[in-house]
file upload36.pdb (PDB, C-alpha atoms, pLDDT in the B column)
MODEL        1
ATOM      1  CA  MET E   1      21.441 -25.009  -8.012  1.00 81.00           C
ATOM      2  CA  PRO E   2      22.418 -27.509  -5.315  1.00 73.00           C
ATOM      3  CA  GLY E   3      26.109 -28.366  -5.588  1.00 67.00           C
ATOM      4  CA  ALA E   4      26.881 -25.889  -8.383  1.00 67.00           C
ATOM      5  CA  ARG E   5      30.062 -23.862  -8.024  1.00 63.00           C
ATOM      6  CA  ASP E   6      30.575 -20.237  -8.904  1.00 59.00           C
ATOM      7  CA  HIS E   7      32.769 -19.744 -11.986  1.00 57.00           C
ATOM      8  CA  GLY E   8      33.154 -15.983 -11.720  1.00 57.00           C
ATOM      9  CA  PRO E   9      31.160 -12.876 -12.778  1.00 54.00           C
ATOM     10  CA  GLY E  10      29.111 -13.258 -15.948  1.00 55.00           C
ATOM     11  CA  TYR E  11      29.499 -17.015 -16.218  1.00 58.00           C
ATOM     12  CA  TRP E  12      25.853 -17.655 -15.407  1.00 65.00           C
ATOM     13  CA  GLU E  13      24.520 -14.754 -17.452  1.00 73.00           C
ATOM     14  CA  PRO E  14      22.097 -15.830 -20.210  1.00 83.00           C
ATOM     15  CA  ALA E  15      22.348 -14.281 -23.657  1.00 83.00           C
ATOM     16  CA  ALA E  16      18.563 -13.912 -23.699  1.00 87.00           C
ATOM     17  CA  ARG E  17      15.604 -14.822 -21.522  1.00 89.00           C
ATOM     18  CA  THR E  18      11.848 -14.542 -21.664  1.00 92.00           C
ATOM     19  CA  VAL E  19       8.711 -15.676 -19.870  1.00 95.00           C
ATOM     20  CA  THR E  20       6.153 -18.083 -21.329  1.00 95.00           C
ATOM     21  CA  THR E  21       2.393 -17.682 -20.990  1.00 93.00           C
ATOM     22  CA  GLU E  22       2.513 -20.349 -18.278  1.00 94.00           C
ATOM     23  CA  GLY E  23       4.935 -18.274 -16.217  1.00 96.00           C
ATOM     24  CA  ASP E  24       8.020 -20.400 -16.918  1.00 96.00           C
ATOM     25  CA  VAL E  25      11.357 -18.763 -17.763  1.00 96.00           C
ATOM     26  CA  VAL E  26      13.234 -19.761 -20.928  1.00 94.00           C
ATOM     27  CA  LEU E  27      16.945 -18.938 -21.017  1.00 92.00           C
ATOM     28  CA  LEU E  28      19.663 -19.114 -23.659  1.00 91.00           C
ATOM     29  CA  VAL E  29      22.779 -20.056 -21.658  1.00 89.00           C
ATOM     30  CA  PRO E  30      26.412 -20.931 -22.523  1.00 85.00           C
ATOM     31  CA  TRP E  31      26.616 -24.627 -23.404  1.00 85.00           C
ATOM     32  CA  ASP E  32      29.543 -25.173 -21.029  1.00 83.00           C
ATOM     33  CA  SER E  33      27.950 -23.359 -18.072  1.00 83.00           C
ATOM     34  CA  PRO E  34      26.884 -25.231 -14.920  1.00 83.00           C
ATOM     35  CA  THR E  35      23.281 -24.426 -15.850  1.00 85.00           C
ATOM     36  CA  ALA E  36      23.501 -26.144 -19.240  1.00 87.00           C
ATOM     37  CA  ARG E  37      25.429 -29.160 -17.969  1.00 85.00           C
ATOM     38  CA  ALA E  38      23.065 -29.756 -15.073  1.00 86.00           C
ATOM     39  CA  ALA E  39      19.964 -29.367 -17.249  1.00 87.00           C
ATOM     40  CA  ALA E  40      21.341 -31.750 -19.877  1.00 85.00           C
ATOM     41  CA  TYR E  41      21.660 -34.561 -17.342  1.00 83.00           C
ATOM     42  CA  ALA E  42      18.520 -33.829 -15.314  1.00 79.00           C
ATOM     43  CA  GLN E  43      16.073 -36.710 -15.132  1.00 69.00           C
ATOM     44  CA  ASP E  44      12.311 -36.536 -14.508  1.00 67.00           C
ATOM     45  CA  ASP E  45      12.371 -32.759 -13.921  1.00 66.00           C
ATOM     46  CA  ASN E  46      13.906 -33.222 -10.469  1.00 78.00           C
ATOM     47  CA  LEU E  47      16.680 -30.607 -10.695  1.00 90.00           C
ATOM     48  CA  THR E  48      15.650 -27.833  -8.306  1.00 92.00           C
ATOM     49  CA  CYS E  49      16.812 -24.319  -9.054  1.00 91.00           C
ATOM     50  CA  VAL E  50      16.329 -20.800  -7.710  1.00 93.00           C
ATOM     51  CA  MET E  51      16.802 -17.739  -9.904  1.00 92.00           C
ATOM     52  CA  GLU E  52      17.532 -14.533  -7.997  1.00 93.00           C
ATOM     53  CA  ILE E  53      17.007 -11.229  -9.791  1.00 93.00           C
ATOM     54  CA  THR E  54      18.489  -8.054  -8.299  1.00 95.00           C
ATOM     55  CA  ASP E  55      17.191  -4.649  -9.375  1.00 96.00           C
ATOM     56  CA  VAL E  56      19.843  -1.937  -9.002  1.00 96.00           C
ATOM     57  CA  ALA E  57      19.014   1.758  -9.370  1.00 97.00           C
ATOM     58  CA  PRO E  58      20.671   3.180 -12.529  1.00 96.00           C
ATOM     59  CA  VAL E  59      21.535   6.440 -10.715  1.00 97.00           C
ATOM     60  CA  ALA E  60      23.923   6.221  -7.763  1.00 94.00           C
ATOM     61  CA  VAL E  61      22.091   6.576  -4.449  1.00 91.00           C
ATOM     62  CA  ARG E  62      22.471   5.297  -0.918  1.00 85.00           C
ATOM     63  CA  GLN E  63      20.949   1.820  -0.565  1.00 89.00           C
ATOM     64  CA  ARG E  64      21.045   1.366  -4.330  1.00 94.00           C
ATOM     65  CA  ILE E  65      19.302  -2.030  -4.529  1.00 96.00           C
ATOM     66  CA  ARG E  66      15.650  -1.325  -5.343  1.00 96.00           C
ATOM     67  CA  GLY E  67      14.433  -4.872  -4.991  1.00 97.00           C
ATOM     68  CA  ARG E  68      14.940  -8.596  -5.408  1.00 98.00           C
ATOM     69  CA  ALA E  69      12.864 -11.413  -6.801  1.00 97.00           C
ATOM     70  CA  TRP E  70      13.250 -15.171  -6.366  1.00 97.00           C
ATOM     71  CA  LEU E  71      11.842 -17.732  -8.803  1.00 97.00           C
ATOM     72  CA  ALA E  72      12.048 -21.284  -7.502  1.00 97.00           C
ATOM     73  CA  GLY E  73      11.275 -24.356  -9.564  1.00 95.00           C
ATOM     74  CA  TRP E  74      12.748 -27.116 -11.719  1.00 94.00           C
ATOM     75  CA  LEU E  75      15.326 -26.762 -14.469  1.00 92.00           C
ATOM     76  CA  THR E  76      15.283 -28.820 -17.672  1.00 91.00           C
ATOM     77  CA  ALA E  77      16.834 -28.690 -21.127  1.00 91.00           C
ATOM     78  CA  VAL E  78      14.364 -27.676 -23.841  1.00 90.00           C
ATOM     79  CA  ARG E  79      13.816 -30.585 -26.208  1.00 84.00           C
ATOM     80  CA  ASN E  80      11.497 -31.986 -28.876  1.00 81.00           C
ATOM     81  CA  GLU E  81       8.300 -30.088 -29.678  1.00 81.00           C
ATOM     82  CA  ASP E  82       8.972 -27.289 -27.179  1.00 88.00           C
ATOM     83  CA  ARG E  83      12.183 -26.251 -28.901  1.00 87.00           C
ATOM     84  CA  ALA E  84      10.611 -24.641 -31.975  1.00 87.00           C
ATOM     85  CA  ARG E  85       8.004 -22.811 -29.889  1.00 90.00           C
ATOM     86  CA  PHE E  86      10.559 -21.345 -27.504  1.00 90.00           C
ATOM     87  CA  GLU E  87      12.935 -20.465 -30.333  1.00 88.00           C
ATOM     88  CA  ARG E  88      10.155 -18.423 -31.964  1.00 89.00           C
ATOM     89  CA  LEU E  89       9.270 -16.784 -28.650  1.00 89.00           C
ATOM     90  CA  LEU E  90      12.851 -15.720 -28.000  1.00 87.00           C
ATOM     91  CA  ALA E  91      13.300 -14.501 -31.579  1.00 86.00           C
ATOM     92  CA  GLU E  92      10.141 -12.361 -31.320  1.00 87.00           C
ATOM     93  CA  ARG E  93      11.220 -10.735 -28.070  1.00 85.00           C
ATOM     94  CA  HIS E  94      14.953 -10.611 -28.797  1.00 81.00           C
ATOM     95  CA  PRO E  95      15.206  -9.826 -32.529  1.00 77.00           C
ATOM     96  CA  GLU E  96      18.914  -9.070 -32.150  1.00 70.00           C
ATOM     97  CA  HIS E  97      19.446 -12.829 -31.943  1.00 58.00           C
ATOM     98  CA  SER E  98      19.106 -15.392 -34.714  1.00 53.00           C
ATOM     99  CA  PRO E  99      15.616 -16.944 -35.089  1.00 42.00           C
ATOM    100  CA  SER E 100      17.174 -20.382 -34.607  1.00 51.00           C
ATOM    101  CA  TYR E 101      18.919 -21.580 -31.463  1.00 47.00           C
ATOM    102  CA  THR E 102      19.593 -25.192 -32.374  1.00 47.00           C
ATOM    103  CA  GLU E 103      22.856 -26.742 -31.263  1.00 47.00           C
ATOM    104  CA  ALA E 104      23.891 -27.167 -34.916  1.00 50.00           C
ATOM    105  CA  ASP E 105      23.537 -23.444 -35.605  1.00 52.00           C
ATOM    106  CA  HIS E 106      24.687 -22.211 -32.208  1.00 51.00           C
ATOM    107  CA  PRO E 107      26.924 -24.844 -30.588  1.00 57.00           C
ATOM    108  CA  ALA E 108      27.976 -22.331 -27.917  1.00 80.00           C
ATOM    109  CA  TRP E 109      24.447 -21.981 -26.521  1.00 83.00           C
ATOM    110  CA  MET E 110      21.703 -24.114 -25.026  1.00 88.00           C
ATOM    111  CA  LEU E 111      18.004 -23.509 -24.341  1.00 91.00           C
ATOM    112  CA  VAL E 112      16.863 -24.340 -20.808  1.00 93.00           C
ATOM    113  CA  ARG E 113      13.580 -23.820 -19.012  1.00 93.00           C
ATOM    114  CA  LEU E 114      12.896 -22.969 -15.391  1.00 95.00           C
ATOM    115  CA  GLU E 115       9.449 -24.347 -14.602  1.00 95.00           C
ATOM    116  CA  THR E 116       8.449 -21.950 -11.851  1.00 96.00           C
ATOM    117  CA  GLY E 117       6.662 -23.194  -8.766  1.00 96.00           C
ATOM    118  CA  GLU E 118       7.050 -20.268  -6.363  1.00 97.00           C
ATOM    119  CA  ILE E 119       7.808 -16.583  -6.957  1.00 98.00           C
ATOM    120  CA  SER E 120       8.481 -13.981  -4.262  1.00 98.00           C
ATOM    121  CA  VAL E 121       9.299 -10.295  -4.569  1.00 97.00           C
ATOM    122  CA  ASP E 122      10.697  -7.776  -2.083  1.00 97.00           C
ATOM    123  CA  ASP E 123      11.084  -4.274  -3.482  1.00 94.00           C
ATOM    124  CA  LEU E 124      10.302  -0.591  -2.969  1.00 89.00           C
ATOM    125  CA  TRP E 125       6.587  -1.256  -3.325  1.00 85.00           C
ATOM    126  CA  GLY E 126       6.401  -4.040  -0.740  1.00 93.00           C
ATOM    127  CA  ALA E 127       6.921  -7.785  -0.353  1.00 97.00           C
ATOM    128  CA  GLY E 128       4.733 -10.647  -1.460  1.00 97.00           C
ATOM    129  CA  CYS E 129       4.261 -13.737  -3.586  1.00 97.00           C
ATOM    130  CA  VAL E 130       3.295 -13.962  -7.255  1.00 96.00           C
ATOM    131  CA  GLU E 131       1.539 -16.844  -9.000  1.00 97.00           C
ATOM    132  CA  PRO E 132       3.349 -18.186 -12.091  1.00 97.00           C
ATOM    133  CA  ALA E 133       0.190 -17.654 -14.161  1.00 96.00           C
ATOM    134  CA  ASP E 134       0.136 -13.967 -13.171  1.00 97.00           C
ATOM    135  CA  LEU E 135       3.765 -13.615 -14.221  1.00 96.00           C
ATOM    136  CA  GLY E 136       2.965 -15.204 -17.573  1.00 96.00           C
ATOM    137  CA  ALA E 137       0.008 -12.880 -18.128  1.00 96.00           C
ATOM    138  CA  ALA E 138       1.860  -9.683 -17.138  1.00 94.00           C
ATOM    139  CA  GLU E 139       2.561  -7.097 -19.818  1.00 90.00           C
ATOM    140  CA  PRO E 140       5.962  -5.337 -19.874  1.00 90.00           C
ATOM    141  CA  ASP E 141       5.887  -1.767 -18.608  1.00 95.00           C
ATOM    142  CA  PRO E 142       6.234   0.523 -21.674  1.00 95.00           C
ATOM    143  CA  VAL E 143       8.695   2.707 -19.741  1.00 96.00           C
ATOM    144  CA  GLY E 144      10.837  -0.203 -18.523  1.00 94.00           C
ATOM    145  CA  ARG E 145      13.043  -0.555 -21.596  1.00 90.00           C
ATOM    146  CA  HIS E 146      14.053   3.120 -21.407  1.00 94.00           C
ATOM    147  CA  GLU E 147      13.968   3.645 -17.634  1.00 97.00           C
ATOM    148  CA  ALA E 148      17.723   3.629 -17.011  1.00 97.00           C
ATOM    149  CA  GLU E 149      18.578   6.221 -19.649  1.00 97.00           C
ATOM    150  CA  LEU E 150      15.564   8.378 -18.704  1.00 97.00           C
ATOM    151  CA  LEU E 151      16.519   8.457 -15.014  1.00 97.00           C
ATOM    152  CA  GLN E 152      20.132   9.252 -15.858  1.00 97.00           C
ATOM    153  CA  HIS E 153      18.968  12.050 -18.166  1.00 96.00           C
ATOM    154  CA  LEU E 154      16.677  13.489 -15.483  1.00 96.00           C
ATOM    155  CA  HIS E 155      19.520  13.433 -12.988  1.00 96.00           C
ATOM    156  CA  SER E 156      22.160  14.998 -15.250  1.00 96.00           C
ATOM    157  CA  ALA E 157      20.115  17.442 -17.341  1.00 96.00           C
ATOM    158  CA  HIS E 158      17.088  18.292 -15.186  1.00 95.00           C
ATOM    159  CA  GLY E 159      18.497  18.178 -11.668  1.00 93.00           C
ATOM    160  CA  ASP E 160      17.016  21.544 -10.667  1.00 94.00           C
ATOM    161  CA  GLN E 161      13.542  20.554 -11.849  1.00 95.00           C
ATOM    162  CA  VAL E 162      13.775  17.219 -10.057  1.00 95.00           C
ATOM    163  CA  ARG E 163      14.928  19.061  -6.940  1.00 93.00           C
ATOM    164  CA  GLY E 164      11.928  21.357  -7.265  1.00 92.00           C
ATOM    165  CA  LEU E 165       9.531  18.411  -6.891  1.00 94.00           C
ATOM    166  CA  ALA E 166      10.506  18.270  -3.206  1.00 91.00           C
ATOM    167  CA  GLY E 167       8.472  21.441  -2.751  1.00 88.00           C
ATOM    168  CA  LEU E 168       5.299  19.426  -3.424  1.00 90.00           C
ATOM    169  CA  LEU E 169       5.918  17.464  -0.223  1.00 87.00           C
ATOM    170  CA  GLY E 170       5.126  20.337   2.102  1.00 79.00           C
ATOM    171  CA  ASP E 171       6.934  20.098   5.432  1.00 69.00           C
ATOM    172  CA  ARG E 172       8.822  16.986   4.293  1.00 66.00           C
ATOM    173  CA  GLY E 173      10.485  18.786   1.390  1.00 59.00           C
ATOM    174  CA  GLY E 174      11.723  22.241   0.556  1.00 58.00           C
ATOM    175  CA  ALA E 175      14.553  23.644   2.647  1.00 59.00           C
ATOM    176  CA  ALA E 176      14.659  20.499   4.799  1.00 79.00           C
ATOM    177  CA  VAL E 177      16.052  18.488   1.868  1.00 85.00           C
ATOM    178  CA  ARG E 178      19.657  18.765   0.682  1.00 87.00           C
ATOM    179  CA  ASP E 179      19.699  16.144  -2.085  1.00 91.00           C
ATOM    180  CA  VAL E 180      17.101  14.688  -4.466  1.00 94.00           C
ATOM    181  CA  VAL E 181      17.822  11.792  -6.846  1.00 96.00           C
ATOM    182  CA  PRO E 182      15.417  10.117  -9.332  1.00 97.00           C
ATOM    183  CA  LEU E 183      15.143   6.506  -8.179  1.00 97.00           C
ATOM    184  CA  ALA E 184      12.477   4.738 -10.252  1.00 97.00           C
ATOM    185  CA  LEU E 185      10.201   5.475 -13.178  1.00 97.00           C
ATOM    186  CA  ASP E 186       7.316   3.456 -14.600  1.00 97.00           C
ATOM    187  CA  ARG E 187       4.007   3.986 -16.359  1.00 97.00           C
ATOM    188  CA  PHE E 188       2.358   4.982 -13.068  1.00 97.00           C
ATOM    189  CA  GLY E 189       4.775   7.638 -11.847  1.00 97.00           C
ATOM    190  CA  LEU E 190       8.167   8.779 -10.611  1.00 97.00           C
ATOM    191  CA  ARG E 191       9.889   7.870  -7.346  1.00 97.00           C
ATOM    192  CA  LEU E 192      12.592  10.056  -5.812  1.00 96.00           C
ATOM    193  CA  ARG E 193      15.078   9.411  -3.036  1.00 95.00           C
ATOM    194  CA  LEU E 194      15.572  12.442  -0.848  1.00 93.00           C
ATOM    195  CA  THR E 195      18.224  13.171   1.756  1.00 91.00           C
ATOM    196  CA  ALA E 196      17.284  15.513   4.602  1.00 87.00           C
ATOM    197  CA  VAL E 197      19.741  18.021   6.016  1.00 84.00           C
ATOM    198  CA  GLU E 198      20.359  15.796   9.053  1.00 83.00           C
ATOM    199  CA  GLY E 199      21.307  12.882   6.762  1.00 83.00           C
ATOM    200  CA  ARG E 200      18.093  10.872   6.920  1.00 87.00           C
ATOM    201  CA  THR E 201      16.926   9.423   3.579  1.00 90.00           C
ATOM    202  CA  PHE E 202      13.364   8.760   2.491  1.00 91.00           C
ATOM    203  CA  ASP E 203      11.484   8.050  -0.731  1.00 94.00           C
ATOM    204  CA  ALA E 204       8.614   9.987  -2.254  1.00 94.00           C
ATOM    205  CA  ARG E 205       6.295   8.823  -5.001  1.00 95.00           C
ATOM    206  CA  PHE E 206       4.708  11.171  -7.549  1.00 96.00           C
ATOM    207  CA  ASP E 207       1.863   9.452  -9.412  1.00 95.00           C
ATOM    208  CA  PHE E 208       0.818  10.489 -12.901  1.00 96.00           C
ATOM    209  CA  PRO E 209      -2.877  11.387 -13.403  1.00 92.00           C
ATOM    210  CA  GLU E 210      -3.163   8.336 -15.668  1.00 95.00           C
ATOM    211  CA  PRO E 211      -0.791   5.498 -16.580  1.00 97.00           C
ATOM    212  CA  VAL E 212       1.268   6.428 -19.640  1.00 97.00           C
ATOM    213  CA  LYS E 213       1.304   4.218 -22.728  1.00 96.00           C
ATOM    214  CA  ASP E 214       4.470   5.446 -24.467  1.00 94.00           C
ATOM    215  CA  THR E 215       7.334   7.922 -24.226  1.00 90.00           C
ATOM    216  CA  GLY E 216       5.199  10.698 -25.729  1.00 94.00           C
ATOM    217  CA  GLU E 217       2.654  10.436 -22.927  1.00 97.00           C
ATOM    218  CA  LEU E 218       5.504  10.126 -20.436  1.00 97.00           C
ATOM    219  CA  ARG E 219       7.015  13.406 -21.631  1.00 95.00           C
ATOM    220  CA  HIS E 220       3.660  15.156 -21.167  1.00 96.00           C
ATOM    221  CA  ALA E 221       3.203  13.635 -17.692  1.00 97.00           C
ATOM    222  CA  MET E 222       6.679  14.781 -16.601  1.00 96.00           C
ATOM    223  CA  HIS E 223       6.017  18.317 -17.885  1.00 95.00           C
ATOM    224  CA  THR E 224       2.798  18.346 -15.860  1.00 95.00           C
ATOM    225  CA  LEU E 225       4.707  17.317 -12.726  1.00 94.00           C
ATOM    226  CA  PHE E 226       7.370  19.969 -13.206  1.00 94.00           C
ATOM    227  CA  ALA E 227       4.734  22.629 -13.886  1.00 94.00           C
ATOM    228  CA  ALA E 228       2.960  21.740 -10.646  1.00 92.00           C
ATOM    229  CA  SER E 229       6.183  22.123  -8.679  1.00 88.00           C
ATOM    230  CA  MET E 230       6.710  25.616 -10.110  1.00 86.00           C
ATOM    231  CA  GLY E 231       3.113  26.711  -9.602  1.00 70.00           C
TER     232      GLY E 231
ENDMDL
END
call {"tool": "encode", "arguments": {"input": "upload36.pdb", "output": "structure tokens"}}
result
Amino acid sequence: MPGARDHGPGYWEPAARTVTTEGDVVLLVPWDSPTARAAAYAQDDNLTCVMEITDVAPVAVRQRIRGRAWLAGWLTAVRNEDRARFERLLAERHPEHSPSYTEADHPAWMLVRLETGEISVDDLWGAGCVEPADLGAAEPDPVGRHEAELLQHLHSAHGDQVRGLAGLLGDRGGAAVRDVVPLALDRFGLRLRLTAVEGRTFDARFDFPEPVKDTGELRHAMHTLFAASMG
């Protein structure tokens, strides 16, 4: 936010956040944070704000940042009739929190809304812009909630099998590769980061035959991949 000062790591971190059907972002923030104070005094929705989201690979690799997204818009405190609706929405998606976020019940927190106007993304899959309505209509990837622990498990417990997938790359893989690390996992497939013997790094994507709907289908898809690498 224009003029806001940094108060150290974690000071801006919301306790919970979610996206509305309109593509706006609702956040539960500390009441004494710059975000809450600025939103409380904003008039006529004229407080501009940019939210930057950084996606860091859960397994240590070179060039560990997988992508960034920027949501630009206007920040306001949630008041009146919107409060109950957003409280319910947060409670549904974050059941670990209380169903009520009123100042009386939670004086340490405040609900604010970022009304998004522009969204841009730059990640492993490319760069581009996203319409707020498309963000609001997007469904969470069923693998996303478990991705970090799954990638760490693949790396620590199935390193040889992951390494074997390099053989599916023909001349790009096999003996020419000295290191293979699982980089990203979603319902569509697995992405690896490979390091060649001369030190060059490159990514390889292994698509599943069909998008998976849950961890059971994911397990079957991974077994199919590993079987192909051994065949």
call {"tool": "closest_residue", "arguments": {"input": "upload36.pdb", "among": "E:Leu111, E:Leu185, E:Val19, E:Ala60", "to": "E:Ser33", "atoms": "all atoms listed in the file"}}
result
E:Leu111
call {"tool": "atom_distance", "arguments": {"input": "upload36.pdb", "atom1": "atom CA of E:His153", "atom2": "atom CA of E:Leu183"}}
result
12.0 Å
call {"tool": "axis_aligned_box", "arguments": {"input": "upload36.pdb", "around": "stretch 52-57 of chain E", "padding_each_side": "5 Å", "output": "JSON"}}
result
{"center_x": 18.4, "center_y": -6.4, "center_z": -8.9, "size_x": 12.8, "size_y": 26.3, "size_z": 11.8}
call {"tool": "resolve_selection", "arguments": {"input": "upload36.pdb", "expression": "the PyMOL selection byres ((chain E and resi 86) around 12)", "output": "JSON, numbers by chain"}}
result
{"E": [16, 17, 18, 19, 20, 21, 24, 25, 26, 27, 28, 77, 78, 79, 80, 81, 82, 83, 84, 85, 87, 88, 89, 90, 91, 92, 93, 94, 99, 100, 101, 102, 110, 111, 112, 113]}
call {"tool": "write_last_selection", "arguments": {"input": "upload36.pdb", "atoms": "C-alpha atoms", "output": "compact mmCIF listing (two decimals), in the coordinates of the input"}}
result
# COMPACT_ATOMS: atom_id res chain seq x y z
CA ALA E 16 18.56 -13.91 -23.70
CA ARG E 17 15.60 -14.82 -21.52
CA THR E 18 11.85 -14.54 -21.66
CA VAL E 19 8.71 -15.68 -19.87
CA THR E 20 6.15 -18.08 -21.33
CA THR E 21 2.39 -17.68 -20.99
CA ASP E 24 8.02 -20.40 -16.92
CA VAL E 25 11.36 -18.76 -17.76
CA VAL E 26 13.23 -19.76 -20.93
CA LEU E 27 16.94 -18.94 -21.02
CA LEU E 28 19.66 -19.11 -23.66
CA ALA E 77 16.83 -28.69 -21.13
CA VAL E 78 14.36 -27.68 -23.84
CA ARG E 79 13.82 -30.58 -26.21
CA ASN E 80 11.50 -31.99 -28.88
CA GLU E 81 8.30 -30.09 -29.68
CA ASP E 82 8.97 -27.29 -27.18
CA ARG E 83 12.18 -26.25 -28.90
CA ALA E 84 10.61 -24.64 -31.98
CA ARG E 85 8.00 -22.81 -29.89
CA GLU E 87 12.94 -20.46 -30.33
CA ARG E 88 10.15 -18.42 -31.96
CA LEU E 89 9.27 -16.78 -28.65
CA LEU E 90 12.85 -15.72 -28.00
CA ALA E 91 13.30 -14.50 -31.58
CA GLU E 92 10.14 -12.36 -31.32
CA ARG E 93 11.22 -10.74 -28.07
CA HIS E 94 14.95 -10.61 -28.80
CA PRO E 99 15.62 -16.94 -35.09
CA SER E 100 17.17 -20.38 -34.61
CA TYR E 101 18.92 -21.58 -31.46
CA THR E 102 19.59 -25.19 -32.37
CA MET E 110 21.70 -24.11 -25.03
CA LEU E 111 18.00 -23.51 -24.34
CA VAL E 112 16.86 -24.34 -20.81
CA ARG E 113 13.58 -23.82 -19.01
call {"tool": "closest_atom_pairs", "arguments": {"input": "upload36.pdb", "of": "stretch 106-203 of chain E", "to": "stretch 213-220 of chain E", "cutoff": "9 Å", "atoms": "only C-alpha atoms", "output": "CSV"}}
result
residue,atom,partner,partner_atom,distance
E:Asp141,CA,E:Lys213,CA,8.6
E:Pro142,CA,E:Asp214,CA,5.9
E:Val143,CA,E:Asp214,CA,6.9
E:His146,CA,E:Thr215,CA,8.7
E:Arg187,CA,E:Lys213,CA,6.9
E:Gly189,CA,E:Leu218,CA,9.0
call {"tool": "atom_distance", "arguments": {"input": "upload36.pdb", "atom1": "atom CA of E:Pro132", "atom2": "atom CA of E:Leu71"}}
result
9.1 Å
call {"tool": "closest_residue", "arguments": {"input": "upload36.pdb", "among": "E:Leu165, E:Val29, E:Val177, E:Ala42", "to": "E:Arg191", "atoms": "only C-alpha atoms"}}
result
E:Leu165
call {"tool": "resolve_selection", "arguments": {"input": "upload36.pdb", "expression": "the PyMOL selection byres ((chain E and resi 51) around 9)", "output": "list in words"}}
result
Met1, Cys49, Val50, Glu52, Ile53, Ala69, Trp70, Leu71, Ala72, Gly73 and Leu114 of chain E
call {"tool": "atom_distance", "arguments": {"input": "upload36.pdb", "atom1": "atom CA of E:Thr54", "atom2": "atom CA of E:Ala15"}}
result
17.0 Å
call {"tool": "closest_residue", "arguments": {"input": "upload36.pdb", "among": "E:Leu75, E:Val181, E:Ala137, E:Ala157", "to": "E:Ala38", "atoms": "all atoms listed in the file"}}
result
E:Leu75
call {"tool": "resolve_selection", "arguments": {"input": "upload36.pdb", "expression": "the PyMOL selection byres ((chain E and resi 162) around 9)", "output": "number ranges by chain"}}
result
E: 154-155, 158-161, 163-166, 180-182, 192, 226
call {"tool": "closest_residue", "arguments": {"input": "upload36.pdb", "among": "E:Leu194, E:Ala184, E:Ala108, E:Leu135", "to": "E:Ala57", "atoms": "only C-alpha atoms"}}
result
E:Ala184
call {"tool": "closest_residue", "arguments": {"input": "upload36.pdb", "among": "E:Thr35, E:Thr116, E:Thr195, E:Thr48", "to": "E:Val61", "atoms": "all atoms listed in the file"}}
result
E:Thr195
call {"tool": "closest_residue", "arguments": {"input": "upload36.pdb", "among": "E:Glu96, E:Glu147, E:Asp134, E:Asp123", "to": "E:Gly23", "atoms": "only C-alpha atoms"}}
result
E:Asp134
call {"tool": "residues_around", "arguments": {"input": "upload36.pdb", "residues": "stretch 208-210 of chain E", "least_positions_apart": "5", "cutoff": "8 Å", "atoms": "all atoms listed in the file", "output": "PyMOL selection string"}}
result
chain E and resi 188-190+221+225
call {"tool": "build_atoms", "arguments": {"input": "upload36.pdb", "residues": "stretch 197-205 of chain E", "atoms": "N, CA, C and O atoms", "output": "PDB file, keeping the file's coordinate frame"}}
result
ATOM      1  N   VAL E 197      18.531  17.321   5.591  1.00 84.00           N
ATOM      2  CA  VAL E 197      19.741  18.021   6.016  1.00 84.00           C
ATOM      3  C   VAL E 197      20.459  17.282   7.141  1.00 84.00           C
ATOM      4  O   VAL E 197      21.688  17.363   7.268  1.00 84.00           O
ATOM      5  N   GLU E 198      19.723  16.525   7.962  1.00 83.00           N
ATOM      6  CA  GLU E 198      20.359  15.796   9.053  1.00 83.00           C
ATOM      7  C   GLU E 198      20.896  14.439   8.612  1.00 83.00           C
ATOM      8  O   GLU E 198      21.425  13.677   9.419  1.00 83.00           O
ATOM      9  N   GLY E 199      20.753  14.118   7.296  1.00 83.00           N
ATOM     10  CA  GLY E 199      21.307  12.882   6.762  1.00 83.00           C
ATOM     11  C   GLY E 199      20.320  11.759   6.587  1.00 83.00           C
ATOM     12  O   GLY E 199      20.650  10.729   5.990  1.00 83.00           O
ATOM     13  N   ARG E 200      19.107  11.915   7.086  1.00 87.00           N
ATOM     14  CA  ARG E 200      18.093  10.872   6.920  1.00 87.00           C
ATOM     15  C   ARG E 200      17.632  10.805   5.472  1.00 87.00           C
ATOM     16  O   ARG E 200      17.463  11.832   4.829  1.00 87.00           O
ATOM     17  N   THR E 201      17.429   9.588   4.941  1.00 90.00           N
ATOM     18  CA  THR E 201      16.926   9.423   3.579  1.00 90.00           C
ATOM     19  C   THR E 201      15.503   8.877   3.611  1.00 90.00           C
ATOM     20  O   THR E 201      15.136   8.113   4.511  1.00 90.00           O
ATOM     21  N   PHE E 202      14.719   9.279   2.630  1.00 91.00           N
ATOM     22  CA  PHE E 202      13.364   8.760   2.491  1.00 91.00           C
ATOM     23  C   PHE E 202      12.956   8.857   1.037  1.00 91.00           C
ATOM     24  O   PHE E 202      13.542   9.625   0.258  1.00 91.00           O
ATOM     25  N   ASP E 203      11.973   8.069   0.643  1.00 94.00           N
ATOM     26  CA  ASP E 203      11.484   8.050  -0.731  1.00 94.00           C
ATOM     27  C   ASP E 203      10.139   8.764  -0.830  1.00 94.00           C
ATOM     28  O   ASP E 203       9.340   8.752   0.125  1.00 94.00           O
ATOM     29  N   ALA E 204       9.901   9.344  -1.979  1.00 94.00           N
ATOM     30  CA  ALA E 204       8.614   9.987  -2.254  1.00 94.00           C
ATOM     31  C   ALA E 204       8.150   9.574  -3.637  1.00 94.00           C
ATOM     32  O   ALA E 204       8.953   9.533  -4.573  1.00 94.00           O
ATOM     33  N   ARG E 205       6.876   9.287  -3.746  1.00 95.00           N
ATOM     34  CA  ARG E 205       6.295   8.823  -5.001  1.00 95.00           C
ATOM     35  C   ARG E 205       5.383   9.913  -5.571  1.00 95.00           C
ATOM     36  O   ARG E 205       4.553  10.479  -4.860  1.00 95.00           O
TER      37      ARG E 205
END
